[in-house]
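Coordinates as given in protein-v4.cif (mmCIF, N, CA and C atoms):
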data_start
#
loop_
_atom_site.group_PDB
_atom_site.id
_atom_site.type_symbol
_atom_site.label_atom_id
_atom_site.label_comp_id
_atom_site.auth_asym_id
_atom_site.auth_seq_id
_atom_site.Cartn_x
_atom_site.Cartn_y
_atom_site.Cartn_z
ATOM 1 N N MET A 1 0.817 -1.194 0.000
ATOM 2 C CA MET A 1 0.000 0.000 0.000
ATOM 3 C C MET A 1 0.861 1.258 0.000
ATOM 4 N N ARG A 2 1.960 1.189 0.721
ATOM 5 C CA ARG A 2 2.805 2.393 0.768
ATOM 6 C C ARG A 2 3.359 2.731 -0.612
ATOM 7 N N GLU A 3 3.714 1.710 -1.387
ATOM 8 C CA GLU A 3 4.229 1.964 -2.738
ATOM 9 C C GLU A 3 3.117 2.504 -3.634
ATOM 10 N N ILE A 4 1.916 1.983 -3.489
ATOM 11 C CA ILE A 4 0.781 2.503 -4.259
ATOM 12 C C ILE A 4 0.567 3.977 -3.921
ATOM 13 N N ALA A 5 0.569 4.285 -2.624
ATOM 14 C CA ALA A 5 0.368 5.671 -2.198
ATOM 15 C C ALA A 5 1.511 6.562 -2.686
ATOM 16 N N ARG A 6 2.720 6.028 -2.689
ATOM 17 C CA ARG A 6 3.873 6.827 -3.117
ATOM 18 C C ARG A 6 3.766 7.238 -4.586
ATOM 19 N N VAL A 7 3.322 6.322 -5.445
ATOM 20 C CA VAL A 7 3.277 6.628 -6.878
ATOM 21 C C VAL A 7 1.966 7.286 -7.317
ATOM 22 N N LEU A 8 0.992 7.305 -6.433
ATOM 23 C CA LEU A 8 -0.301 7.926 -6.745
ATOM 24 C C LEU A 8 -0.206 9.428 -6.488
ATOM 25 N N LYS A 9 -0.610 10.227 -7.469
ATOM 26 C CA LYS A 9 -0.528 11.676 -7.276
ATOM 27 C C LYS A 9 -1.553 12.113 -6.220
ATOM 28 N N PRO A 10 -1.319 13.235 -5.541
ATOM 29 C CA PRO A 10 -2.294 13.733 -4.572
ATOM 30 C C PRO A 10 -3.660 13.891 -5.239
ATOM 31 N N GLY A 11 -4.683 13.381 -4.595
ATOM 32 C CA GLY A 11 -6.027 13.405 -5.155
ATOM 33 C C GLY A 11 -6.308 12.206 -6.046
ATOM 34 N N GLY A 12 -5.266 11.400 -6.304
ATOM 35 C CA GLY A 12 -5.433 10.220 -7.142
ATOM 36 C C GLY A 12 -6.256 9.152 -6.433
ATOM 37 N N ILE A 13 -6.958 8.350 -7.207
ATOM 38 C CA ILE A 13 -7.851 7.329 -6.651
ATOM 39 C C ILE A 13 -7.297 5.935 -6.900
ATOM 40 N N PHE A 14 -7.257 5.147 -5.862
ATOM 41 C CA PHE A 14 -6.832 3.756 -5.908
ATOM 42 C C PHE A 14 -8.087 2.883 -5.803
ATOM 43 N N CYS A 15 -8.367 2.110 -6.836
ATOM 44 C CA CYS A 15 -9.523 1.202 -6.842
ATOM 45 C C CYS A 15 -9.016 -0.223 -6.660
ATOM 46 N N TYR A 16 -9.718 -1.013 -5.889
ATOM 47 C CA TYR A 16 -9.280 -2.385 -5.648
ATOM 48 C C TYR A 16 -10.464 -3.342 -5.584
ATOM 49 N N ASP A 17 -10.167 -4.590 -5.868
ATOM 50 C CA ASP A 17 -11.070 -5.690 -5.566
ATOM 51 C C ASP A 17 -10.189 -6.817 -5.075
ATOM 52 N N THR A 18 -10.656 -7.515 -4.072
ATOM 53 C CA THR A 18 -9.837 -8.556 -3.471
ATOM 54 C C THR A 18 -10.720 -9.619 -2.826
ATOM 55 N N ILE A 19 -10.085 -10.600 -2.243
ATOM 56 C CA ILE A 19 -10.801 -11.739 -1.672
ATOM 57 C C ILE A 19 -10.596 -11.764 -0.163
ATOM 58 N N ASN A 20 -11.683 -11.949 0.574
ATOM 59 C CA ASN A 20 -11.646 -12.025 2.031
ATOM 60 C C ASN A 20 -11.060 -13.373 2.453
ATOM 61 N N ARG A 21 -10.362 -13.400 3.575
ATOM 62 C CA ARG A 21 -9.764 -14.637 4.091
ATOM 63 C C ARG A 21 -10.753 -15.318 5.049
ATOM 64 N N THR A 22 -11.768 -15.967 4.465
ATOM 65 C CA THR A 22 -12.785 -16.682 5.235
ATOM 66 C C THR A 22 -12.940 -18.084 4.653
ATOM 67 N N LEU A 23 -13.608 -18.957 5.400
ATOM 68 C CA LEU A 23 -13.883 -20.302 4.894
ATOM 69 C C LEU A 23 -14.780 -20.224 3.665
ATOM 70 N N LEU A 24 -15.782 -19.347 3.682
ATOM 71 C CA LEU A 24 -16.660 -19.199 2.522
ATOM 72 C C LEU A 24 -15.863 -18.813 1.280
ATOM 73 N N ALA A 25 -14.940 -17.873 1.419
ATOM 74 C CA ALA A 25 -14.115 -17.454 0.285
ATOM 75 C C ALA A 25 -13.258 -18.616 -0.209
ATOM 76 N N ARG A 26 -12.748 -19.418 0.699
ATOM 77 C CA ARG A 26 -11.949 -20.582 0.304
ATOM 78 C C ARG A 26 -12.795 -21.530 -0.552
ATOM 79 N N ILE A 27 -14.026 -21.744 -0.128
ATOM 80 C CA ILE A 27 -14.922 -22.640 -0.876
ATOM 81 C C ILE A 27 -15.286 -22.025 -2.230
ATOM 82 N N VAL A 28 -15.740 -20.764 -2.200
ATOM 83 C CA VAL A 28 -16.262 -20.107 -3.404
ATOM 84 C C VAL A 28 -15.161 -19.721 -4.388
ATOM 85 N N MET A 29 -14.004 -19.322 -3.903
ATOM 86 C CA MET A 29 -12.960 -18.812 -4.793
ATOM 87 C C MET A 29 -11.860 -19.821 -5.125
ATOM 88 N N ILE A 30 -11.755 -20.905 -4.340
ATOM 89 C CA ILE A 30 -10.728 -21.912 -4.627
ATOM 90 C C ILE A 30 -11.366 -23.256 -4.959
ATOM 91 N N TRP A 31 -12.050 -23.841 -4.003
ATOM 92 C CA TRP A 31 -12.539 -25.210 -4.198
ATOM 93 C C TRP A 31 -13.486 -25.341 -5.389
ATOM 94 N N ILE A 32 -14.483 -24.471 -5.476
ATOM 95 C CA ILE A 32 -15.458 -24.596 -6.571
ATOM 96 C C ILE A 32 -14.818 -24.291 -7.933
ATOM 97 N N PRO A 33 -14.232 -23.100 -8.142
ATOM 98 C CA PRO A 33 -13.713 -22.816 -9.488
ATOM 99 C C PRO A 33 -12.461 -23.606 -9.871
ATOM 100 N N GLU A 34 -11.600 -23.926 -8.908
ATOM 101 C CA GLU A 34 -10.354 -24.607 -9.242
ATOM 102 C C GLU A 34 -10.476 -26.127 -9.250
ATOM 103 N N TYR A 35 -11.279 -26.687 -8.352
ATOM 104 C CA TYR A 35 -11.334 -28.144 -8.227
ATOM 105 C C TYR A 35 -12.644 -28.759 -8.706
ATOM 106 N N LEU A 36 -13.750 -28.080 -8.504
ATOM 107 C CA LEU A 36 -15.041 -28.651 -8.867
ATOM 108 C C LEU A 36 -15.403 -28.385 -10.327
ATOM 109 N N THR A 37 -15.346 -27.125 -10.743
ATOM 110 C CA THR A 37 -15.778 -26.791 -12.103
ATOM 111 C C THR A 37 -14.620 -26.656 -13.098
ATOM 112 N N GLY A 38 -13.416 -26.394 -12.605
ATOM 113 C CA GLY A 38 -12.275 -26.204 -13.492
ATOM 114 C C GLY A 38 -12.309 -24.882 -14.246
ATOM 115 N N MET A 39 -13.146 -23.936 -13.796
ATOM 116 C CA MET A 39 -13.236 -22.620 -14.453
ATOM 117 C C MET A 39 -11.940 -21.829 -14.311
ATOM 118 N N VAL A 40 -11.182 -22.131 -13.261
ATOM 119 C CA VAL A 40 -9.926 -21.431 -12.982
ATOM 120 C C VAL A 40 -8.843 -22.491 -12.806
ATOM 121 N N ALA A 41 -7.633 -22.216 -13.275
ATOM 122 C CA ALA A 41 -6.531 -23.167 -13.149
ATOM 123 C C ALA A 41 -6.211 -23.436 -11.682
ATOM 124 N N ARG A 42 -5.944 -24.691 -11.371
ATOM 125 C CA ARG A 42 -5.562 -25.048 -9.996
ATOM 126 C C ARG A 42 -4.307 -24.293 -9.583
ATOM 127 N N GLY A 43 -4.310 -23.824 -8.343
ATOM 128 C CA GLY A 43 -3.170 -23.079 -7.826
ATOM 129 C C GLY A 43 -3.216 -21.588 -8.111
ATOM 130 N N THR A 44 -4.274 -21.120 -8.766
ATOM 131 C CA THR A 44 -4.392 -19.687 -9.071
ATOM 132 C C THR A 44 -4.480 -18.865 -7.789
ATOM 133 N N HIS A 45 -5.295 -19.312 -6.840
ATOM 134 C CA HIS A 45 -5.510 -18.577 -5.584
ATOM 135 C C HIS A 45 -4.876 -19.312 -4.408
ATOM 136 N N HIS A 46 -4.423 -18.541 -3.425
ATOM 137 C CA HIS A 46 -3.837 -19.089 -2.200
ATOM 138 C C HIS A 46 -4.529 -18.417 -1.013
ATOM 139 N N HIS A 47 -5.239 -19.209 -0.232
ATOM 140 C CA HIS A 47 -6.062 -18.676 0.859
ATOM 141 C C HIS A 47 -5.265 -17.800 1.816
ATOM 142 N N HIS A 48 -4.030 -18.166 2.113
ATOM 143 C CA HIS A 48 -3.237 -17.376 3.068
ATOM 144 C C HIS A 48 -2.893 -15.988 2.534
ATOM 145 N N GLN A 49 -3.063 -15.750 1.227
ATOM 146 C CA GLN A 49 -2.791 -14.437 0.653
ATOM 147 C C GLN A 49 -4.026 -13.537 0.631
ATOM 148 N N PHE A 50 -5.194 -14.079 0.954
ATOM 149 C CA PHE A 50 -6.410 -13.278 0.995
ATOM 150 C C PHE A 50 -6.314 -12.313 2.182
ATOM 151 N N ILE A 51 -7.090 -11.227 2.139
ATOM 152 C CA ILE A 51 -6.992 -10.203 3.183
ATOM 153 C C ILE A 51 -8.381 -9.807 3.683
ATOM 154 N N LYS A 52 -8.494 -9.729 4.994
ATOM 155 C CA LYS A 52 -9.760 -9.341 5.614
ATOM 156 C C LYS A 52 -9.974 -7.829 5.430
ATOM 157 N N PRO A 53 -11.242 -7.404 5.311
ATOM 158 C CA PRO A 53 -11.523 -5.980 5.097
ATOM 159 C C PRO A 53 -10.900 -5.052 6.142
ATOM 160 N N ALA A 54 -10.924 -5.440 7.401
ATOM 161 C CA ALA A 54 -10.343 -4.594 8.452
ATOM 162 C C ALA A 54 -8.825 -4.479 8.295
ATOM 163 N N GLU A 55 -8.178 -5.561 7.878
ATOM 164 C CA GLU A 55 -6.734 -5.522 7.647
ATOM 165 C C GLU A 55 -6.402 -4.568 6.492
ATOM 166 N N LEU A 56 -7.166 -4.672 5.419
ATOM 167 C CA LEU A 56 -6.944 -3.793 4.273
ATOM 168 C C LEU A 56 -7.168 -2.337 4.674
ATOM 169 N N ALA A 57 -8.191 -2.079 5.455
ATOM 170 C CA ALA A 57 -8.466 -0.712 5.919
ATOM 171 C C ALA A 57 -7.283 -0.164 6.724
ATOM 172 N N ARG A 58 -6.677 -0.992 7.562
ATOM 173 C CA ARG A 58 -5.511 -0.557 8.342
ATOM 174 C C ARG A 58 -4.329 -0.234 7.423
ATOM 175 N N HIS A 59 -4.118 -1.058 6.405
ATOM 176 C CA HIS A 59 -3.022 -0.812 5.454
ATOM 177 C C HIS A 59 -3.257 0.482 4.670
ATOM 178 N N LEU A 60 -4.493 0.708 4.262
ATOM 179 C CA LEU A 60 -4.825 1.954 3.560
ATOM 180 C C LEU A 60 -4.512 3.159 4.448
ATOM 181 N N ASP A 61 -4.961 3.113 5.687
ATOM 182 C CA ASP A 61 -4.764 4.208 6.630
ATOM 183 C C ASP A 61 -3.275 4.453 6.874
ATOM 184 N N ALA A 62 -2.521 3.377 7.076
ATOM 185 C CA ALA A 62 -1.081 3.505 7.337
ATOM 186 C C ALA A 62 -0.345 4.110 6.146
ATOM 187 N N ALA A 63 -0.879 3.913 4.953
ATOM 188 C CA ALA A 63 -0.245 4.450 3.747
ATOM 189 C C ALA A 63 -0.733 5.854 3.404
ATOM 190 N N GLY A 64 -1.664 6.385 4.190
ATOM 191 C CA GLY A 64 -2.185 7.728 3.927
ATOM 192 C C GLY A 64 -3.259 7.762 2.853
ATOM 193 N N LEU A 65 -3.935 6.637 2.652
ATOM 194 C CA LEU A 65 -5.037 6.566 1.688
ATOM 195 C C LEU A 65 -6.356 6.584 2.444
ATOM 196 N N THR A 66 -7.288 7.422 2.012
ATOM 197 C CA THR A 66 -8.569 7.590 2.687
ATOM 198 C C THR A 66 -9.681 6.935 1.866
ATOM 199 N N PRO A 67 -10.433 6.013 2.478
ATOM 200 C CA PRO A 67 -11.534 5.373 1.734
ATOM 201 C C PRO A 67 -12.532 6.408 1.231
ATOM 202 N N LEU A 68 -13.030 6.186 0.018
ATOM 203 C CA LEU A 68 -14.028 7.084 -0.569
ATOM 204 C C LEU A 68 -15.441 6.712 -0.145
ATOM 205 N N ALA A 69 -15.652 5.450 0.159
ATOM 206 C CA ALA A 69 -16.970 4.954 0.568
ATOM 207 C C ALA A 69 -16.764 3.631 1.289
ATOM 208 N N LYS A 70 -17.849 3.084 1.819
ATOM 209 C CA LYS A 70 -17.763 1.771 2.460
ATOM 210 C C LYS A 70 -17.404 0.720 1.421
ATOM 211 N N GLN A 71 -16.631 -0.253 1.845
ATOM 212 C CA GLN A 71 -16.328 -1.373 0.961
ATOM 213 C C GLN A 71 -17.635 -2.088 0.638
ATOM 214 N N ARG A 72 -17.714 -2.667 -0.566
ATOM 215 C CA ARG A 72 -18.908 -3.395 -1.012
ATOM 216 C C ARG A 72 -18.514 -4.814 -1.381
ATOM 217 N N GLY A 73 -19.394 -5.752 -1.062
ATOM 218 C CA GLY A 73 -19.170 -7.125 -1.460
ATOM 219 C C GLY A 73 -19.383 -7.282 -2.950
ATOM 220 N N LEU A 74 -18.742 -8.271 -3.508
ATOM 221 C CA LEU A 74 -18.871 -8.557 -4.933
ATOM 222 C C LEU A 74 -19.231 -10.035 -5.060
ATOM 223 N N THR A 75 -20.402 -10.306 -5.615
ATOM 224 C CA THR A 75 -20.850 -11.686 -5.797
ATOM 225 C C THR A 75 -20.693 -12.064 -7.260
ATOM 226 N N ILE A 76 -19.976 -13.162 -7.483
ATOM 227 C CA ILE A 76 -19.748 -13.655 -8.843
ATOM 228 C C ILE A 76 -20.653 -14.862 -9.051
ATOM 229 N N LEU A 77 -21.513 -14.773 -10.056
ATOM 230 C CA LEU A 77 -22.480 -15.840 -10.318
ATOM 231 C C LEU A 77 -22.015 -16.835 -11.375
ATOM 232 N N GLY A 78 -21.018 -16.485 -12.153
ATOM 233 C CA GLY A 78 -20.528 -17.379 -13.199
ATOM 234 C C GLY A 78 -19.935 -16.587 -14.340
ATOM 235 N N LYS A 79 -19.795 -17.274 -15.494
ATOM 236 C CA LYS A 79 -19.221 -16.656 -16.679
ATOM 237 C C LYS A 79 -20.204 -16.715 -17.834
ATOM 238 N N LYS A 80 -20.171 -15.671 -18.637
ATOM 239 C CA LYS A 80 -20.937 -15.670 -19.882
ATOM 240 C C LYS A 80 -20.132 -16.448 -20.929
ATOM 241 N N ARG A 81 -20.740 -16.749 -22.038
ATOM 242 C CA ARG A 81 -20.046 -17.471 -23.112
ATOM 243 C C ARG A 81 -18.830 -16.724 -23.631
ATOM 244 N N ASP A 82 -18.894 -15.389 -23.571
ATOM 245 C CA ASP A 82 -17.767 -14.587 -24.064
ATOM 246 C C ASP A 82 -16.627 -14.476 -23.044
ATOM 247 N N GLY A 83 -16.798 -15.109 -21.870
ATOM 248 C CA GLY A 83 -15.758 -15.100 -20.844
ATOM 249 C C GLY A 83 -15.932 -14.040 -19.791
ATOM 250 N N ASN A 84 -16.817 -13.059 -20.021
ATOM 251 C CA ASN A 84 -17.071 -12.027 -19.013
ATOM 252 C C ASN A 84 -17.777 -12.631 -17.809
ATOM 253 N N LEU A 85 -17.437 -12.116 -16.634
ATOM 254 C CA LEU A 85 -18.072 -12.604 -15.413
ATOM 255 C C LEU A 85 -19.450 -11.981 -15.222
ATOM 256 N N ILE A 86 -20.342 -12.748 -14.614
ATOM 257 C CA ILE A 86 -21.660 -12.253 -14.218
ATOM 258 C C ILE A 86 -21.549 -11.953 -12.732
ATOM 259 N N MET A 87 -21.703 -10.680 -12.345
ATOM 260 C CA MET A 87 -21.529 -10.311 -10.937
ATOM 261 C C MET A 87 -22.377 -9.105 -10.565
ATOM 262 N N PHE A 88 -22.544 -8.916 -9.246
ATOM 263 C CA PHE A 88 -23.244 -7.743 -8.737
ATOM 264 C C PHE A 88 -22.688 -7.397 -7.366
ATOM 265 N N THR A 89 -22.892 -6.135 -6.931
ATOM 266 C CA THR A 89 -22.404 -5.712 -5.616
ATOM 267 C C THR A 89 -23.458 -5.981 -4.554
ATOM 268 N N THR A 90 -22.982 -6.133 -3.318
ATOM 269 C CA THR A 90 -23.835 -6.445 -2.186
ATOM 270 C C THR A 90 -23.186 -5.890 -0.915
ATOM 271 N N ALA A 91 -23.889 -5.934 0.182
ATOM 272 C CA ALA A 91 -23.326 -5.508 1.468
ATOM 273 C C ALA A 91 -22.492 -6.623 2.110
ATOM 274 N N ASP A 92 -22.566 -7.835 1.575
ATOM 275 C CA ASP A 92 -21.875 -8.999 2.132
ATOM 276 C C ASP A 92 -20.411 -9.033 1.688
ATOM 277 N N LEU A 93 -19.490 -8.857 2.625
ATOM 278 C CA LEU A 93 -18.060 -8.842 2.334
ATOM 279 C C LEU A 93 -17.391 -10.189 2.588
ATOM 280 N N SER A 94 -18.169 -11.233 2.827
ATOM 281 C CA SER A 94 -17.593 -12.501 3.288
ATOM 282 C C SER A 94 -16.810 -13.274 2.236
ATOM 283 N N SER A 95 -16.926 -12.919 0.972
ATOM 284 C CA SER A 95 -16.193 -13.642 -0.058
ATOM 285 C C SER A 95 -15.238 -12.692 -0.802
ATOM 286 N N THR A 96 -15.766 -11.887 -1.694
ATOM 287 C CA THR A 96 -14.941 -10.896 -2.378
ATOM 288 C C THR A 96 -15.519 -9.509 -2.118
ATOM 289 N N TYR A 97 -14.645 -8.499 -2.214
ATOM 290 C CA TYR A 97 -15.129 -7.143 -1.964
ATOM 291 C C TYR A 97 -14.308 -6.140 -2.770
ATOM 292 N N ILE A 98 -14.910 -4.958 -2.941
ATOM 293 C CA ILE A 98 -14.290 -3.887 -3.724
ATOM 294 C C ILE A 98 -14.300 -2.592 -2.922
ATOM 295 N N GLY A 99 -13.477 -1.666 -3.359
ATOM 296 C CA GLY A 99 -13.462 -0.365 -2.707
ATOM 297 C C GLY A 99 -12.557 0.591 -3.451
ATOM 298 N N ALA A 100 -12.490 1.809 -2.949
ATOM 299 C CA ALA A 100 -11.639 2.839 -3.533
ATOM 300 C C ALA A 100 -11.173 3.751 -2.412
ATOM 301 N N ALA A 101 -9.978 4.300 -2.595
ATOM 302 C CA ALA A 101 -9.425 5.233 -1.618
ATOM 303 C C ALA A 101 -8.693 6.329 -2.387
ATOM 304 N N VAL A 102 -8.551 7.469 -1.748
ATOM 305 C CA VAL A 102 -7.898 8.616 -2.370
ATOM 306 C C VAL A 102 -6.639 8.989 -1.569
ATOM 307 N N ARG A 103 -5.645 9.434 -2.299
ATOM 308 C CA ARG A 103 -4.435 9.928 -1.617
ATOM 309 C C ARG A 103 -4.678 11.387 -1.263
ATOM 310 N N SER A 104 -4.528 11.690 0.013
ATOM 311 C CA SER A 104 -4.762 13.066 0.494
ATOM 312 C C SER A 104 -3.704 14.015 -0.030
#
Now that the file is in, can you turn its structure into structure tokens?
Amino acid sequence: MREIARVLKPGGIFCYDTINRTLLARIVMIWIPEYLTGMVARGTHHHHQFIKPAELARHLDAAGLTPLAKQRGLTILGKKRDGNLIMFTTADLSSTYIGAAVRS
């Protein structure tokens, strides 16, 4: 985060999406797509690298980045034939979530 903040100009916006480190995220983001359906190559995701929303918020704050709004959950329902994901935002952060922060 500090490197992101360093290279971001003042007033610049950092947008992110990431995966929460929960059992649900492990099931939804690793077991189902990598092992059950094969939609994603095995080994693509590593549960220990996922980050909880509160941890990410602390890293943003320590780097001098201010959240623009509350983080939002991101629910992925599958893939279209063209490869685009079918998804929508929600208040549930238990699997994947998105957000944005600004450099003061």
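Pairwise distance (atom C of Ile13 (chain A), atom C of Thr66 (chain A)) equals 9.1 Å.
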Test item: residues at most 12 Å from Ala101 (chain A), only C-alpha atoms, excluding those fewer than 6 positions along its chain, as JSON, numbers by chain = {"A": [1, 4, 5, 8, 10, 11, 12, 13, 14, 15, 16, 17, 56, 57, 59, 60, 61, 63, 64, 65, 66, 67, 68, 69, 70, 71]}
Keeping only N, CA and C atoms, write the selected residues as a PDB file, keeping the file's coordinate frame.
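What ended up in out_10.pdb:
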ATOM      1  N   MET A   1       0.817  -1.194   0.000  1.00  0.00           N
ATOM      2  CA  MET A   1       0.000   0.000   0.000  1.00  0.00           C
ATOM      3  C   MET A   1       0.861   1.258   0.000  1.00  0.00           C
ATOM      4  N   ILE A   4       1.916   1.983  -3.489  1.00  0.00           N
ATOM      5  CA  ILE A   4       0.781   2.503  -4.259  1.00  0.00           C
ATOM      6  C   ILE A   4       0.567   3.977  -3.921  1.00  0.00           C
ATOM      7  N   ALA A   5       0.569   4.285  -2.624  1.00  0.00           N
ATOM      8  CA  ALA A   5       0.368   5.671  -2.198  1.00  0.00           C
ATOM      9  C   ALA A   5       1.511   6.562  -2.686  1.00  0.00           C
ATOM     10  N   LEU A   8       0.992   7.305  -6.433  1.00  0.00           N
ATOM     11  CA  LEU A   8      -0.301   7.926  -6.745  1.00  0.00           C
ATOM     12  C   LEU A   8      -0.206   9.428  -6.488  1.00  0.00           C
ATOM     13  N   PRO A  10      -1.319  13.235  -5.541  1.00  0.00           N
ATOM     14  CA  PRO A  10      -2.294  13.733  -4.572  1.00  0.00           C
ATOM     15  C   PRO A  10      -3.660  13.891  -5.239  1.00  0.00           C
ATOM     16  N   GLY A  11      -4.683  13.381  -4.595  1.00  0.00           N
ATOM     17  CA  GLY A  11      -6.027  13.405  -5.155  1.00  0.00           C
ATOM     18  C   GLY A  11      -6.308  12.206  -6.046  1.00  0.00           C
ATOM     19  N   GLY A  12      -5.266  11.400  -6.304  1.00  0.00           N
ATOM     20  CA  GLY A  12      -5.433  10.220  -7.142  1.00  0.00           C
ATOM     21  C   GLY A  12      -6.256   9.152  -6.433  1.00  0.00           C
ATOM     22  N   ILE A  13      -6.958   8.350  -7.207  1.00  0.00           N
ATOM     23  CA  ILE A  13      -7.851   7.329  -6.651  1.00  0.00           C
ATOM     24  C   ILE A  13      -7.297   5.935  -6.900  1.00  0.00           C
ATOM     25  N   PHE A  14      -7.257   5.147  -5.862  1.00  0.00           N
ATOM     26  CA  PHE A  14      -6.832   3.756  -5.908  1.00  0.00           C
ATOM     27  C   PHE A  14      -8.087   2.883  -5.803  1.00  0.00           C
ATOM     28  N   CYS A  15      -8.367   2.110  -6.836  1.00  0.00           N
ATOM     29  CA  CYS A  15      -9.523   1.202  -6.842  1.00  0.00           C
ATOM     30  C   CYS A  15      -9.016  -0.223  -6.660  1.00  0.00           C
ATOM     31  N   TYR A  16      -9.718  -1.013  -5.889  1.00  0.00           N
ATOM     32  CA  TYR A  16      -9.280  -2.385  -5.648  1.00  0.00           C
ATOM     33  C   TYR A  16     -10.464  -3.342  -5.584  1.00  0.00           C
ATOM     34  N   ASP A  17     -10.167  -4.590  -5.868  1.00  0.00           N
ATOM     35  CA  ASP A  17     -11.070  -5.690  -5.566  1.00  0.00           C
ATOM     36  C   ASP A  17     -10.189  -6.817  -5.075  1.00  0.00           C
ATOM     37  N   LEU A  56      -7.166  -4.672   5.419  1.00  0.00           N
ATOM     38  CA  LEU A  56      -6.944  -3.793   4.273  1.00  0.00           C
ATOM     39  C   LEU A  56      -7.168  -2.337   4.674  1.00  0.00           C
ATOM     40  N   ALA A  57      -8.191  -2.079   5.455  1.00  0.00           N
ATOM     41  CA  ALA A  57      -8.466  -0.712   5.919  1.00  0.00           C
ATOM     42  C   ALA A  57      -7.283  -0.164   6.724  1.00  0.00           C
ATOM     43  N   HIS A  59      -4.118  -1.058   6.405  1.00  0.00           N
ATOM     44  CA  HIS A  59      -3.022  -0.812   5.454  1.00  0.00           C
ATOM     45  C   HIS A  59      -3.257   0.482   4.670  1.00  0.00           C
ATOM     46  N   LEU A  60      -4.493   0.708   4.262  1.00  0.00           N
ATOM     47  CA  LEU A  60      -4.825   1.954   3.560  1.00  0.00           C
ATOM     48  C   LEU A  60      -4.512   3.159   4.448  1.00  0.00           C
ATOM     49  N   ASP A  61      -4.961   3.113   5.687  1.00  0.00           N
ATOM     50  CA  ASP A  61      -4.764   4.208   6.630  1.00  0.00           C
ATOM     51  C   ASP A  61      -3.275   4.453   6.874  1.00  0.00           C
ATOM     52  N   ALA A  63      -0.879   3.913   4.953  1.00  0.00           N
ATOM     53  CA  ALA A  63      -0.245   4.450   3.747  1.00  0.00           C
ATOM     54  C   ALA A  63      -0.733   5.854   3.404  1.00  0.00           C
ATOM     55  N   GLY A  64      -1.664   6.385   4.190  1.00  0.00           N
ATOM     56  CA  GLY A  64      -2.185   7.728   3.927  1.00  0.00           C
ATOM     57  C   GLY A  64      -3.259   7.762   2.853  1.00  0.00           C
ATOM     58  N   LEU A  65      -3.935   6.637   2.652  1.00  0.00           N
ATOM     59  CA  LEU A  65      -5.037   6.566   1.688  1.00  0.00           C
ATOM     60  C   LEU A  65      -6.356   6.584   2.444  1.00  0.00           C
ATOM     61  N   THR A  66      -7.288   7.422   2.012  1.00  0.00           N
ATOM     62  CA  THR A  66      -8.569   7.590   2.687  1.00  0.00           C
ATOM     63  C   THR A  66      -9.681   6.935   1.866  1.00  0.00           C
ATOM     64  N   PRO A  67     -10.433   6.013   2.478  1.00  0.00           N
ATOM     65  CA  PRO A  67     -11.534   5.373   1.734  1.00  0.00           C
ATOM     66  C   PRO A  67     -12.532   6.408   1.231  1.00  0.00           C
ATOM     67  N   LEU A  68     -13.030   6.186   0.018  1.00  0.00           N
ATOM     68  CA  LEU A  68     -14.028   7.084  -0.569  1.00  0.00           C
ATOM     69  C   LEU A  68     -15.441   6.712  -0.145  1.00  0.00           C
ATOM     70  N   ALA A  69     -15.652   5.450   0.159  1.00  0.00           N
ATOM     71  CA  ALA A  69     -16.970   4.954   0.568  1.00  0.00           C
ATOM     72  C   ALA A  69     -16.764   3.631   1.289  1.00  0.00           C
ATOM     73  N   LYS A  70     -17.849   3.084   1.819  1.00  0.00           N
ATOM     74  CA  LYS A  70     -17.763   1.771   2.460  1.00  0.00           C
ATOM     75  C   LYS A  70     -17.404   0.720   1.421  1.00  0.00           C
ATOM     76  N   GLN A  71     -16.631  -0.253   1.845  1.00  0.00           N
ATOM     77  CA  GLN A  71     -16.328  -1.373   0.961  1.00  0.00           C
ATOM     78  C   GLN A  71     -17.635  -2.088   0.638  1.00  0.00           C
TER      79      GLN A  71
END
Name the residues that the PyMOL selection byres ((chain A and resi 50) around 7) picks from the file above, as a list in words, using the file's chain letters and numbers.
->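 Taken over the shown coordinates, the PyMOL selection byres ((chain A and resi 50) around 7) returns Thr18, Ile19, Asn20, Arg21, Thr22, His46, His47, His48, Gln49, Ile51 and Lys52 of chain A.
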Chain A: residues DSSP assigns to helix (DSSP H, G or I), reported as a ChimeraX atom specification = /A:2-7,23-36,47-49,53-62
Can you tell me how far atom N of Thr90 (chain A) sits from atom C of Leu77 (chain A), in Å to one decimal?
-> 13.4 Å
Taking only C-alpha atoms into account, which of A:Ser94, A:Glu3, A:Gly78, A:Met39 comes nearest Ala62 (chain A)?
->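 The shortest atom-to-atom distance to Ala62 (chain A) comes from A:Glu3.
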Between CA of Pro53 (chain A) and CA of Val40 (chain A), what is the spacing in Å?
->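 Pair CA of Val40 (chain A) / CA of Pro53 (chain A) returns 23.8 Å.
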Specify as a ChimeraX atom specification each residue included when the PyMOL selection byres ((chain A and resi 75) around 7) is applied to this file.
-> /A:73-74,76-78,86-90,96-97
Please run DSSP on the backbone and report, as a ChimeraX atom specification, all residues within chain A that come out as strand (DSSP E or B).
-> /A:13-19,65-67,72-79,85-90,96-103
Report as AutoDock Vina command-line options the centre and the edge lengths, in Å to one decimal, of the axis-aligned box holding every listed atom of region 40-55 of chain A, padded by 6 Å on each side.
--center_x -7.2 --center_y -14.8 --center_z -2.4 --size_x 20.7 --size_y 32.6 --size_z 33.7
Selected residue of minimal separation from Val28 (chain A) among A:Ser95, A:Lys80, A:Arg6, A:Arg103, counting only N, CA and C atoms =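 Looking only at the distances to Val28 (chain A), the closest residue turns out to be A:Ser95.
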